[in-house]
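Heads up: the structure comes next, in structure tokens.
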Amino acid sequence: MASLAIVALTATAVQAETFQFAGAFNDKDQFTILARDWAAKVKAATNGAVAFDIVPNGALVPLPEALDGISLGVVPAGMVVASFVSGTIPAMGYAEMIDGLPVDNPSTGEAMKAIWNNLDAVFNQHGVTALFGAPAYSSGLVCRKGFLKAKADWAGKKIRTAGRWQAQQVAAMGAVPMPLPPSELYVALQNGVVDCALMTPSITMSARLYEVAPFYTNTEMAGNITTIVMNLDVWKKLPDNQRAAIRKVSDEMIQTAATTMRESAKSGLIDFAKTGEVYQLSSDEQAEFAKNTGPIFDKVAASVKDAPGTAMIKTLASYRK
């Protein structure tokens, strides 16, 4: 019996596998914390057979190259952000933009669940499966000087954007979009290379951007989904029971992530206000932003031809009416 027990333990150990996971942000960022929580739940749900080693800061593969790296199997799993994949996956352009997802009526978590099968199908076409994700809440602008309230405040401002469609939103508001990698943003704000940056409270705080840009204009809108994905070939090689366990944990995390990210945004703005100033757009100012940037959503929708992509956008568009 003792001999059989040793053999059983050895078999279990052989079956256990740890996959490297390409994290995009630093250790303190809420997306990284969510990924670690998810990985712990996956390990428990698979009785230790599947584990993910979360490596932060783009150390395994830079964020702009994450989709290619994961789809090609350079790394088996990781984070991708809509603004960095919308050039390859046009349907994700809708989810890249500020106001691309609802905050309430329905809740973001409900909206994410409604689009998830189509979103996953879109990613499948590019060699990965989408497990769970969450948008950025309280999307806003962190600025060196003053707030961007009405459209007139945007005129001529140099604003760092994180994607081609965000850039078009900024241009529609009369500002000058400036694409920059996250690693250069602190110095760019410090030196006045850019006046403002489209940003989230979480990243603003974890990257200490408040030190060089103490004004935060909160749109109170959601967008730019960060999605946890896994190489499709690696995923398909997992036993059925392991895939089912991971999918169950991931499905539950969609709602958890949405709630957590919203609370994190609120607490991030409270923390920001301790050293800087926060302004929330009024309903009229939100409406002005939506009116000026609305045609960009129509442009994205017109550019998408594949069935899962058009279905995903149709659902998201219904929430913007």
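Just remember, in the structure tokens the first chain shown is A, the second B, etc., residues are 1-based per chain, and ligands are 1-based in the order shown.
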Query - Long-range neighbours of Leu198 (chain A) as a ChimeraX atom specification, 10 Å cut-off, only C-alpha atoms, 3 positions minimum in chain - result: /A:98,139-143,159-162,166-167,170,177,204,216-217
Query raised in the report: Could you pull out the helix (DSSP H, G or I) residues of region 151-208 of chain A from DSSP and send them as a list in words?
Result: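 The residues of region 151-208 of chain A classed as helix (DSSP H, G or I) are Lys151, Ala152, Asp153, Trp154, Arg164, Trp165, Gln166, Ala167, Gln168, Gln169, Val170, Ala171, Ala172, Pro182, Ser183, Glu184, Leu185, Tyr186, Val187, Ala188, Leu189, Gln190, Asn191, Pro201, Ser202, Ile203, Thr204, Met205 and Ser206 of chain A.
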Within 10 Å of region 129-132 of chain A: each region 4-115 of chain A residue with its shortest pair, only C-alpha atoms, as a tab-separated table:
```
residue	atom	partner	partner_atom	distance
A:Ala35	CA	A:Phe132	CA	9.6
A:Trp38	CA	A:Phe132	CA	9.3
A:Ser71	CA	A:Thr129	CA	9.2
A:Ala77	CA	A:Thr129	CA	9.4
A:Met79	CA	A:Ala130	CA	9.7
A:Val80	CA	A:Ala130	CA	9.7
A:Met112	CA	A:Phe132	CA	9.1
A:Lys113	CA	A:Phe132	CA	9.5
```
Take the residues from that selection and put them in a file with N, CA, C and O atoms, as a PDB file, in the first residue's frame.
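As a result, part_35.pdb now contains:
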```pdb
ATOM      1  N   ALA A  35      -4.757  38.897 -11.466  1.00  0.00           N
ATOM      2  CA  ALA A  35      -4.181  37.733 -12.132  1.00  0.00           C
ATOM      3  C   ALA A  35      -3.633  36.740 -11.113  1.00  0.00           C
ATOM      4  O   ALA A  35      -3.788  35.514 -11.269  1.00  0.00           O
ATOM      5  N   TRP A  38      -6.615  34.960  -9.531  1.00  0.00           N
ATOM      6  CA  TRP A  38      -7.130  33.976 -10.484  1.00  0.00           C
ATOM      7  C   TRP A  38      -6.231  32.750 -10.530  1.00  0.00           C
ATOM      8  O   TRP A  38      -6.722  31.605 -10.491  1.00  0.00           O
ATOM      9  N   SER A  71       0.274  33.987 -28.971  1.00  0.00           N
ATOM     10  CA  SER A  71      -0.287  33.194 -30.072  1.00  0.00           C
ATOM     11  C   SER A  71       0.775  32.315 -30.725  1.00  0.00           C
ATOM     12  O   SER A  71       0.477  31.217 -31.196  1.00  0.00           O
ATOM     13  N   ALA A  77       0.815  32.060 -21.755  1.00  0.00           N
ATOM     14  CA  ALA A  77      -0.356  32.805 -21.290  1.00  0.00           C
ATOM     15  C   ALA A  77       0.065  34.202 -20.867  1.00  0.00           C
ATOM     16  O   ALA A  77       1.248  34.481 -20.662  1.00  0.00           O
ATOM     17  N   MET A  79      -1.437  38.701 -20.353  1.00  0.00           N
ATOM     18  CA  MET A  79      -2.420  39.772 -20.505  1.00  0.00           C
ATOM     19  C   MET A  79      -2.240  40.447 -21.849  1.00  0.00           C
ATOM     20  O   MET A  79      -1.115  40.687 -22.290  1.00  0.00           O
ATOM     21  N   VAL A  80      -3.367  40.785 -22.469  1.00  0.00           N
ATOM     22  CA  VAL A  80      -3.347  41.665 -23.635  1.00  0.00           C
ATOM     23  C   VAL A  80      -4.355  42.780 -23.379  1.00  0.00           C
ATOM     24  O   VAL A  80      -5.344  42.578 -22.675  1.00  0.00           O
ATOM     25  N   MET A 112     -19.916  42.196 -19.953  1.00  0.00           N
ATOM     26  CA  MET A 112     -18.777  41.335 -20.287  1.00  0.00           C
ATOM     27  C   MET A 112     -19.232  39.896 -20.518  1.00  0.00           C
ATOM     28  O   MET A 112     -18.793  39.240 -21.462  1.00  0.00           O
ATOM     29  N   LYS A 113     -20.105  39.403 -19.653  1.00  0.00           N
ATOM     30  CA  LYS A 113     -20.612  38.038 -19.830  1.00  0.00           C
ATOM     31  C   LYS A 113     -21.403  37.911 -21.135  1.00  0.00           C
ATOM     32  O   LYS A 113     -21.329  36.889 -21.824  1.00  0.00           O
TER      33      LYS A 113
END
```
Report task. Counting only C-alpha atoms, figure out which residue out of A:Leu60, A:Leu148, A:Val300, A:Val74 gets nearest to Ser86 (chain A). Result ->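 Nearest to Ser86 (chain A): A:Val300.
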For region 81-169 of chain A against region 235-258 of chain A, with a cut-off of 12 Å and counting only C-alpha atoms, what is the closest atom pair and its distance in Å to one decimal for every residue that makes the cut, ordered by chain and number, as a Markdown table?
```
| residue | atom | partner | partner_atom | distance |
| --- | --- | --- | --- | --- |
| A:Leu101 | CA | A:Ala258 | CA | 11.2 |
| A:Pro102 | CA | A:Ala258 | CA | 11.2 |
| A:Val103 | CA | A:Ala258 | CA | 9.5 |
| A:Asp104 | CA | A:Ala258 | CA | 11.4 |
| A:Ser107 | CA | A:Ala258 | CA | 8.7 |
| A:Thr108 | CA | A:Ala258 | CA | 6.4 |
| A:Gly109 | CA | A:Gln255 | CA | 4.7 |
| A:Glu110 | CA | A:Gln255 | CA | 7.3 |
| A:Ala111 | CA | A:Gln255 | CA | 9.6 |
| A:Met112 | CA | A:Ile254 | CA | 7.1 |
| A:Lys113 | CA | A:Ile254 | CA | 7.1 |
| A:Ala114 | CA | A:Ile254 | CA | 10.8 |
| A:Ile115 | CA | A:Ile254 | CA | 11.3 |
| A:Trp116 | CA | A:Asp251 | CA | 9.2 |
| A:Asn117 | CA | A:Asp251 | CA | 10.7 |
| A:Asp120 | CA | A:Arg247 | CA | 11.8 |
| A:Asn124 | CA | A:Trp235 | CA | 11.0 |
| A:Gly127 | CA | A:Trp235 | CA | 10.2 |
| A:Val128 | CA | A:Trp235 | CA | 8.3 |
| A:Thr129 | CA | A:Trp235 | CA | 7.5 |
| A:Ala130 | CA | A:Ser250 | CA | 9.3 |
| A:Leu131 | CA | A:Ser250 | CA | 5.6 |
| A:Phe132 | CA | A:Ser250 | CA | 5.4 |
| A:Gly133 | CA | A:Ile254 | CA | 6.0 |
| A:Ala134 | CA | A:Ala258 | CA | 5.4 |
| A:Pro135 | CA | A:Ala258 | CA | 7.1 |
| A:Ala136 | CA | A:Ala258 | CA | 8.9 |
| A:Tyr137 | CA | A:Ala258 | CA | 8.8 |
```
Include N, CA and C atoms and write out the residues we just selected as an mmCIF file, in the first residue's frame.
```cif
data_model
loop_
_atom_site.group_PDB
_atom_site.id
_atom_site.type_symbol
_atom_site.label_atom_id
_atom_site.label_comp_id
_atom_site.auth_asym_id
_atom_site.auth_seq_id
_atom_site.Cartn_x
_atom_site.Cartn_y
_atom_site.Cartn_z
ATOM 1 N N LEU A 101 -17.725 50.412 -23.003
ATOM 2 C CA LEU A 101 -18.515 49.486 -22.208
ATOM 3 C C LEU A 101 -19.384 50.256 -21.233
ATOM 4 N N PRO A 102 -20.552 49.700 -20.887
ATOM 5 C CA PRO A 102 -21.409 50.378 -19.910
ATOM 6 C C PRO A 102 -20.838 50.243 -18.504
ATOM 7 N N VAL A 103 -21.215 51.157 -17.634
ATOM 8 C CA VAL A 103 -20.856 51.061 -16.217
ATOM 9 C C VAL A 103 -22.055 50.544 -15.427
ATOM 10 N N ASP A 104 -23.240 51.058 -15.762
ATOM 11 C CA ASP A 104 -24.496 50.628 -15.142
ATOM 12 C C ASP A 104 -25.558 50.431 -16.223
ATOM 13 N N SER A 107 -24.755 46.371 -15.749
ATOM 14 C CA SER A 107 -23.441 46.518 -15.131
ATOM 15 C C SER A 107 -22.376 46.051 -16.114
ATOM 16 N N THR A 108 -21.160 46.480 -15.886
ATOM 17 C CA THR A 108 -20.075 46.075 -16.780
ATOM 18 C C THR A 108 -19.888 44.566 -16.758
ATOM 19 N N GLY A 109 -20.006 43.963 -15.565
ATOM 20 C CA GLY A 109 -19.857 42.517 -15.465
ATOM 21 C C GLY A 109 -20.884 41.786 -16.305
ATOM 22 N N GLU A 110 -22.120 42.265 -16.293
ATOM 23 C CA GLU A 110 -23.178 41.652 -17.102
ATOM 24 C C GLU A 110 -22.883 41.822 -18.592
ATOM 25 N N ALA A 111 -22.404 42.998 -18.961
ATOM 26 C CA ALA A 111 -22.060 43.253 -20.361
ATOM 27 C C ALA A 111 -20.907 42.362 -20.813
ATOM 28 N N MET A 112 -19.916 42.196 -19.953
ATOM 29 C CA MET A 112 -18.777 41.335 -20.287
ATOM 30 C C MET A 112 -19.232 39.896 -20.518
ATOM 31 N N LYS A 113 -20.105 39.403 -19.653
ATOM 32 C CA LYS A 113 -20.612 38.038 -19.830
ATOM 33 C C LYS A 113 -21.403 37.911 -21.135
ATOM 34 N N ALA A 114 -22.143 38.965 -21.478
ATOM 35 C CA ALA A 114 -22.963 38.932 -22.693
ATOM 36 C C ALA A 114 -22.115 38.854 -23.964
ATOM 37 N N ILE A 115 -20.931 39.459 -23.944
ATOM 38 C CA ILE A 115 -20.090 39.469 -25.145
ATOM 39 C C ILE A 115 -19.023 38.388 -25.132
ATOM 40 N N TRP A 116 -18.898 37.642 -24.011
ATOM 41 C CA TRP A 116 -17.685 36.832 -23.835
ATOM 42 C C TRP A 116 -17.513 35.736 -24.883
ATOM 43 N N ASN A 117 -18.569 35.027 -25.214
ATOM 44 C CA ASN A 117 -18.426 33.950 -26.200
ATOM 45 C C ASN A 117 -17.953 34.491 -27.545
ATOM 46 N N ASP A 120 -14.279 35.639 -27.171
ATOM 47 C CA ASP A 120 -13.398 34.479 -27.204
ATOM 48 C C ASP A 120 -13.247 33.953 -28.630
ATOM 49 N N ASN A 124 -9.894 33.425 -30.719
ATOM 50 C CA ASN A 124 -9.555 32.099 -31.257
ATOM 51 C C ASN A 124 -8.980 32.201 -32.659
ATOM 52 N N GLY A 127 -5.217 32.523 -32.510
ATOM 53 C CA GLY A 127 -4.382 31.544 -31.825
ATOM 54 C C GLY A 127 -4.395 31.567 -30.317
ATOM 55 N N VAL A 128 -5.376 32.235 -29.714
ATOM 56 C CA VAL A 128 -5.457 32.246 -28.254
ATOM 57 C C VAL A 128 -6.914 32.059 -27.817
ATOM 58 N N THR A 129 -7.097 31.629 -26.581
ATOM 59 C CA THR A 129 -8.428 31.600 -25.990
ATOM 60 C C THR A 129 -8.486 32.650 -24.897
ATOM 61 N N ALA A 130 -9.617 33.347 -24.800
ATOM 62 C CA ALA A 130 -9.801 34.401 -23.800
ATOM 63 C C ALA A 130 -10.441 33.793 -22.558
ATOM 64 N N LEU A 131 -9.810 33.943 -21.405
ATOM 65 C CA LEU A 131 -10.297 33.321 -20.185
ATOM 66 C C LEU A 131 -11.143 34.276 -19.349
ATOM 67 N N PHE A 132 -10.594 35.417 -19.002
ATOM 68 C CA PHE A 132 -11.417 36.439 -18.347
ATOM 69 C C PHE A 132 -10.761 37.789 -18.577
ATOM 70 N N GLY A 133 -11.457 38.841 -18.196
ATOM 71 C CA GLY A 133 -10.905 40.171 -18.393
ATOM 72 C C GLY A 133 -11.720 41.209 -17.666
ATOM 73 N N ALA A 134 -11.263 42.433 -17.733
ATOM 74 C CA ALA A 134 -11.958 43.553 -17.101
ATOM 75 C C ALA A 134 -11.544 44.846 -17.795
ATOM 76 N N PRO A 135 -12.439 45.819 -17.828
ATOM 77 C CA PRO A 135 -12.092 47.110 -18.422
ATOM 78 C C PRO A 135 -11.462 48.034 -17.393
ATOM 79 N N ALA A 136 -11.005 49.162 -17.859
ATOM 80 C CA ALA A 136 -10.568 50.234 -16.972
ATOM 81 C C ALA A 136 -11.773 51.091 -16.617
ATOM 82 N N TYR A 137 -11.920 51.408 -15.341
ATOM 83 C CA TYR A 137 -13.000 52.281 -14.885
ATOM 84 C C TYR A 137 -12.465 53.677 -14.594
#
```
Query raised in the report: With distances taken over only C-alpha atoms, which of A:Pro90, A:Pro214, A:Pro179, A:Gly192 is nearest to Pro308 (chain A)?
Result: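 Of all the options, A:Pro90 lies closest to Pro308 (chain A).
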